[in-house]
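> Take a look at this one; I'll ask things after.
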Amino acid sequence: QFARDLGIIHNQTTFSAHDGVHNAFFKGGLVYFSLHSLNEISSGENYFFINNGSPHYITFVSNVEKIDVNVEGAQVRNSKQFAPEGTNVNFVEINHELLKVRTYERGLETETLSCGTGATASAIVASYAFEMESPITIESRGGQLFVSFVKVGKSFSEIYLASRAIKVFEGSIDI
């Protein structure tokens, strides 16, 4: 959205990230961007693990608001199991056809208002484990996100994350 606001791109683009090339486009007031296909979801006791460009631990909880995301997230992120790089930690509540997601993000070492790869990983795992169908709506503290995909067996392709992107601040610094 920032590149569009600056006039660098128009209604669609491709960009390179650490995990490869992604497509993005604008439609209906939302920004959509592609993620790579996924064929591997692992699980452990009370959690799932998926790497969709960033590693994500996903655990389903009955009430996401009661979780101390910073304490519990840090414990998992820093555990020997995910050493040395650590992992992002997602706490997910299924509320009818909606996922409520809170994420502890490695590198920031705190809860974030919203994590795109975490929301996407949570939606993919909800479809894998609970047969939720695409598209899936995610509610985070930063707003709503939407994840769509094509699921064939245990494989996921044509994965898109969409949300509104709104400028919340503009400033300048005198040097």
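Chain labels run A, B, ... following the order of the structure tokens; each chain numbers its residues from 1, and ligands are numbered from 1 in the order shown.
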DSSP on the backbone, alpha helix (DSSP H) only: what residues of region 12-143 of chain A does that give? Format it as a count of residues only.

24

> For region 152-164 of chain A, work out the shell of residues within 10 Å, counting only C-alpha atoms and skipping chain neighbours fewer than 2 positions away, then give it as a VMD selection string.

chain A and resid 1 22 to 41 116 to 117 119 to 120 123 to 124 127 to 129 134 to 138 143 to 150 166 to 167

> What separation in Å, quoted to one decimal, exists between CA of Asn95 (chain A) and CA of Ser114 (chain A)?

17.8 Å

> Given only C-alpha atoms as the basis, pick out the residue of A:Gly7, A:Gly73, A:Gly44, A:Gly86 nearest to Thr110 (chain A).

A:Gly73

> List the neighbours of Ala83 (chain A) out to 12 Å using only C-alpha atoms; skip same-chain residues closer than 6 positions along the sequence, and give me the result as a ChimeraX atom specification.

/A:55,75-77,106

> Please list as a VMD selection string every residue within 10 Å of Arg141 (chain A), counting only C-alpha atoms and excluding residues in the same chain fewer than 4 positions away.

chain A and resid 100 to 103 111 to 115

> Convert the current residue selection to file output with N, CA, C and O atoms, as a PDB file, in the first residue's frame.


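File out_13.pdb, as written:
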ATOM      1  N   LYS A 100      -9.847 -16.130  16.100  1.00  0.00           N
ATOM      2  CA  LYS A 100      -9.248 -15.036  16.855  1.00  0.00           C
ATOM      3  C   LYS A 100      -7.803 -15.449  17.107  1.00  0.00           C
ATOM      4  O   LYS A 100      -7.550 -16.519  17.667  1.00  0.00           O
ATOM      5  N   VAL A 101      -6.868 -14.609  16.678  1.00  0.00           N
ATOM      6  CA  VAL A 101      -5.447 -14.971  16.741  1.00  0.00           C
ATOM      7  C   VAL A 101      -4.668 -13.888  17.471  1.00  0.00           C
ATOM      8  O   VAL A 101      -4.803 -12.703  17.186  1.00  0.00           O
ATOM      9  N   ARG A 102      -3.822 -14.333  18.394  1.00  0.00           N
ATOM     10  CA  ARG A 102      -2.846 -13.455  19.045  1.00  0.00           C
ATOM     11  C   ARG A 102      -1.475 -14.095  18.846  1.00  0.00           C
ATOM     12  O   ARG A 102      -1.320 -15.303  19.006  1.00  0.00           O
ATOM     13  N   THR A 103      -0.486 -13.268  18.491  1.00  0.00           N
ATOM     14  CA  THR A 103       0.827 -13.784  18.104  1.00  0.00           C
ATOM     15  C   THR A 103       1.952 -13.146  18.895  1.00  0.00           C
ATOM     16  O   THR A 103       2.035 -11.925  19.010  1.00  0.00           O
ATOM     17  N   GLU A 111       4.146  -9.547  21.931  1.00  0.00           N
ATOM     18  CA  GLU A 111       2.930  -9.717  21.146  1.00  0.00           C
ATOM     19  C   GLU A 111       2.832  -8.596  20.124  1.00  0.00           C
ATOM     20  O   GLU A 111       3.126  -7.442  20.421  1.00  0.00           O
ATOM     21  N   THR A 112       2.409  -8.929  18.923  1.00  0.00           N
ATOM     22  CA  THR A 112       2.190  -7.923  17.884  1.00  0.00           C
ATOM     23  C   THR A 112       0.686  -7.720  17.706  1.00  0.00           C
ATOM     24  O   THR A 112      -0.110  -8.586  18.056  1.00  0.00           O
ATOM     25  N   LEU A 113       0.312  -6.579  17.163  1.00  0.00           N
ATOM     26  CA  LEU A 113      -1.105  -6.319  16.919  1.00  0.00           C
ATOM     27  C   LEU A 113      -1.661  -7.260  15.854  1.00  0.00           C
ATOM     28  O   LEU A 113      -2.829  -7.637  15.898  1.00  0.00           O
ATOM     29  N   SER A 114      -0.808  -7.636  14.898  1.00  0.00           N
ATOM     30  CA  SER A 114      -1.229  -8.548  13.846  1.00  0.00           C
ATOM     31  C   SER A 114       0.012  -9.097  13.156  1.00  0.00           C
ATOM     32  O   SER A 114       0.997  -8.400  13.003  1.00  0.00           O
ATOM     33  N   CYS A 115      -0.065 -10.337  12.749  1.00  0.00           N
ATOM     34  CA  CYS A 115       1.047 -10.980  12.049  1.00  0.00           C
ATOM     35  C   CYS A 115       0.467 -11.695  10.839  1.00  0.00           C
ATOM     36  O   CYS A 115      -0.310 -12.646  10.990  1.00  0.00           O
TER      37      CYS A 115
END

> List as a PyMOL selection string the protein and nucleic acid residues near Phe60 (chain A), meaning an atom at most 8 Å away when only C-alpha atoms are counted, but skip any in the same chain fewer than 6 places from it.

chain A and resi 46-47+91-94

> Based on the selection just made, write N, CA, C and O atoms of those residues as a PDB file, in the first residue's frame.


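See out_24.pdb below for the written result:
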ATOM      1  N   ASN A  46      -0.661 -30.897  21.700  1.00  0.00           N
ATOM      2  CA  ASN A  46      -1.412 -29.636  21.813  1.00  0.00           C
ATOM      3  C   ASN A  46      -0.898 -28.510  20.921  1.00  0.00           C
ATOM      4  O   ASN A  46      -1.132 -27.344  21.223  1.00  0.00           O
ATOM      5  N   TYR A  47      -0.185 -28.823  19.843  1.00  0.00           N
ATOM      6  CA  TYR A  47       0.249 -27.758  18.939  1.00  0.00           C
ATOM      7  C   TYR A  47       0.493 -28.314  17.539  1.00  0.00           C
ATOM      8  O   TYR A  47       0.598 -29.525  17.332  1.00  0.00           O
ATOM      9  N   PHE A  91      -1.625 -18.143  19.298  1.00  0.00           N
ATOM     10  CA  PHE A  91      -2.693 -18.669  20.134  1.00  0.00           C
ATOM     11  C   PHE A  91      -3.994 -18.407  19.383  1.00  0.00           C
ATOM     12  O   PHE A  91      -4.297 -17.257  19.036  1.00  0.00           O
ATOM     13  N   VAL A  92      -4.769 -19.471  19.122  1.00  0.00           N
ATOM     14  CA  VAL A  92      -5.904 -19.368  18.214  1.00  0.00           C
ATOM     15  C   VAL A  92      -7.172 -19.891  18.882  1.00  0.00           C
ATOM     16  O   VAL A  92      -7.183 -20.994  19.428  1.00  0.00           O
ATOM     17  N   GLU A  93      -8.209 -19.086  18.804  1.00  0.00           N
ATOM     18  CA  GLU A  93      -9.539 -19.483  19.278  1.00  0.00           C
ATOM     19  C   GLU A  93     -10.459 -19.574  18.073  1.00  0.00           C
ATOM     20  O   GLU A  93     -10.526 -18.649  17.265  1.00  0.00           O
ATOM     21  N   ILE A  94     -11.171 -20.695  17.954  1.00  0.00           N
ATOM     22  CA  ILE A  94     -12.163 -20.835  16.887  1.00  0.00           C
ATOM     23  C   ILE A  94     -13.490 -20.354  17.448  1.00  0.00           C
ATOM     24  O   ILE A  94     -13.968 -20.862  18.455  1.00  0.00           O
TER      25      ILE A  94
END

> Region 4-173 of chain A: which residues are strand (DSSP E) by DSSP, as a VMD selection string?

chain A and resid 12 to 17 20 to 27 30 to 35 42 to 44 47 to 51 55 to 60 88 to 95 98 to 105 110 to 112 136 to 140 143 to 152 155 to 163

> Generate a file of the selected residues that holds C-alpha atoms, formatted as a PDB file, in the first residue's frame.


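Contents of the output file part.pdb:
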ATOM      1  CA  GLN A  12      -0.613  -5.140  -9.013  1.00  0.00           C
ATOM      2  CA  THR A  13       3.033  -5.960  -8.428  1.00  0.00           C
ATOM      3  CA  THR A  14       5.528  -8.669  -7.598  1.00  0.00           C
ATOM      4  CA  PHE A  15       8.130  -8.389  -4.885  1.00  0.00           C
ATOM      5  CA  SER A  16      10.959 -10.448  -3.471  1.00  0.00           C
ATOM      6  CA  ALA A  17      11.146 -11.448   0.193  1.00  0.00           C
ATOM      7  CA  GLY A  20      11.151 -15.856  -2.699  1.00  0.00           C
ATOM      8  CA  VAL A  21       8.893 -13.918  -5.050  1.00  0.00           C
ATOM      9  CA  HIS A  22       5.308 -12.979  -4.129  1.00  0.00           C
ATOM     10  CA  ASN A  23       2.451 -11.377  -6.068  1.00  0.00           C
ATOM     11  CA  ALA A  24       0.243  -8.596  -4.732  1.00  0.00           C
ATOM     12  CA  PHE A  25      -2.843  -6.846  -6.056  1.00  0.00           C
ATOM     13  CA  PHE A  26      -5.614  -4.505  -4.917  1.00  0.00           C
ATOM     14  CA  LYS A  27      -9.291  -5.424  -5.107  1.00  0.00           C
ATOM     15  CA  LEU A  30      -8.194  -4.855   0.181  1.00  0.00           C
ATOM     16  CA  VAL A  31      -4.543  -5.633  -0.496  1.00  0.00           C
ATOM     17  CA  TYR A  32      -3.961  -9.285  -1.442  1.00  0.00           C
ATOM     18  CA  PHE A  33      -0.637 -11.021  -1.512  1.00  0.00           C
ATOM     19  CA  SER A  34       0.371 -14.547  -2.310  1.00  0.00           C
ATOM     20  CA  LEU A  35       2.189 -17.008  -0.131  1.00  0.00           C
ATOM     21  CA  SER A  42       3.736 -31.176  11.711  1.00  0.00           C
ATOM     22  CA  SER A  43       2.116 -31.616  15.097  1.00  0.00           C
ATOM     23  CA  GLY A  44       2.999 -32.320  18.678  1.00  0.00           C
ATOM     24  CA  TYR A  47       0.249 -27.758  18.939  1.00  0.00           C
ATOM     25  CA  PHE A  48       0.933 -27.675  15.216  1.00  0.00           C
ATOM     26  CA  PHE A  49       4.007 -26.342  13.449  1.00  0.00           C
ATOM     27  CA  ILE A  50       4.175 -24.853   9.976  1.00  0.00           C
ATOM     28  CA  ASN A  51       6.792 -22.863   8.086  1.00  0.00           C
ATOM     29  CA  PRO A  55       8.223 -20.627  11.391  1.00  0.00           C
ATOM     30  CA  HIS A  56       4.932 -20.719  13.317  1.00  0.00           C
ATOM     31  CA  TYR A  57       3.833 -22.699  16.349  1.00  0.00           C
ATOM     32  CA  ILE A  58       0.017 -22.802  16.526  1.00  0.00           C
ATOM     33  CA  THR A  59      -1.992 -23.862  19.555  1.00  0.00           C
ATOM     34  CA  PHE A  60      -5.774 -23.786  19.833  1.00  0.00           C
ATOM     35  CA  ASN A  88       6.672 -17.322  16.277  1.00  0.00           C
ATOM     36  CA  VAL A  89       3.881 -18.453  18.605  1.00  0.00           C
ATOM     37  CA  ASN A  90       0.183 -18.191  17.708  1.00  0.00           C
ATOM     38  CA  PHE A  91      -2.693 -18.669  20.134  1.00  0.00           C
ATOM     39  CA  VAL A  92      -5.904 -19.368  18.214  1.00  0.00           C
ATOM     40  CA  GLU A  93      -9.539 -19.483  19.278  1.00  0.00           C
ATOM     41  CA  ILE A  94     -12.163 -20.835  16.887  1.00  0.00           C
ATOM     42  CA  ASN A  95     -15.339 -18.785  17.208  1.00  0.00           C
ATOM     43  CA  LEU A  98     -13.941 -16.904  12.647  1.00  0.00           C
ATOM     44  CA  LEU A  99     -10.456 -17.326  14.090  1.00  0.00           C
ATOM     45  CA  LYS A 100      -9.248 -15.036  16.855  1.00  0.00           C
ATOM     46  CA  VAL A 101      -5.447 -14.971  16.741  1.00  0.00           C
ATOM     47  CA  ARG A 102      -2.846 -13.455  19.045  1.00  0.00           C
ATOM     48  CA  THR A 103       0.827 -13.784  18.104  1.00  0.00           C
ATOM     49  CA  TYR A 104       4.108 -13.582  19.989  1.00  0.00           C
ATOM     50  CA  GLU A 105       6.630 -12.620  17.337  1.00  0.00           C
ATOM     51  CA  THR A 110       6.542  -9.401  22.250  1.00  0.00           C
ATOM     52  CA  GLU A 111       2.930  -9.717  21.146  1.00  0.00           C
ATOM     53  CA  THR A 112       2.190  -7.923  17.884  1.00  0.00           C
ATOM     54  CA  ILE A 136     -11.246 -17.867   6.584  1.00  0.00           C
ATOM     55  CA  THR A 137     -11.693 -14.616   8.485  1.00  0.00           C
ATOM     56  CA  ILE A 138      -9.132 -13.826  11.180  1.00  0.00           C
ATOM     57  CA  GLU A 139      -9.602 -11.285  13.929  1.00  0.00           C
ATOM     58  CA  SER A 140      -6.418  -9.882  15.450  1.00  0.00           C
ATOM     59  CA  GLY A 143      -7.927  -5.715  12.656  1.00  0.00           C
ATOM     60  CA  GLN A 144      -9.438  -8.282  10.316  1.00  0.00           C
ATOM     61  CA  LEU A 145      -7.538 -10.380   7.816  1.00  0.00           C
ATOM     62  CA  PHE A 146      -8.791 -12.882   5.267  1.00  0.00           C
ATOM     63  CA  VAL A 147      -7.018 -16.027   4.084  1.00  0.00           C
ATOM     64  CA  SER A 148      -8.036 -17.951   0.987  1.00  0.00           C
ATOM     65  CA  PHE A 149      -6.511 -21.116  -0.457  1.00  0.00           C
ATOM     66  CA  VAL A 150      -7.096 -24.239  -2.489  1.00  0.00           C
ATOM     67  CA  LYS A 151      -6.864 -27.429  -0.428  1.00  0.00           C
ATOM     68  CA  VAL A 152      -6.256 -30.820  -2.020  1.00  0.00           C
ATOM     69  CA  SER A 155      -1.626 -29.753   0.322  1.00  0.00           C
ATOM     70  CA  PHE A 156      -2.461 -26.055   0.172  1.00  0.00           C
ATOM     71  CA  SER A 157      -1.896 -23.852  -2.890  1.00  0.00           C
ATOM     72  CA  GLU A 158      -3.050 -20.499  -4.252  1.00  0.00           C
ATOM     73  CA  ILE A 159      -2.724 -19.082  -0.736  1.00  0.00           C
ATOM     74  CA  TYR A 160      -3.627 -15.401  -0.409  1.00  0.00           C
ATOM     75  CA  LEU A 161      -3.677 -13.114   2.596  1.00  0.00           C
ATOM     76  CA  ALA A 162      -5.858 -10.013   2.314  1.00  0.00           C
ATOM     77  CA  SER A 163      -6.551  -7.024   4.527  1.00  0.00           C
TER      78      SER A 163
END

> Using CA of Gly53 (chain A) and CA of Val71 (chain A) as the two end points, give the distance in Å to one decimal.

24.5 Å
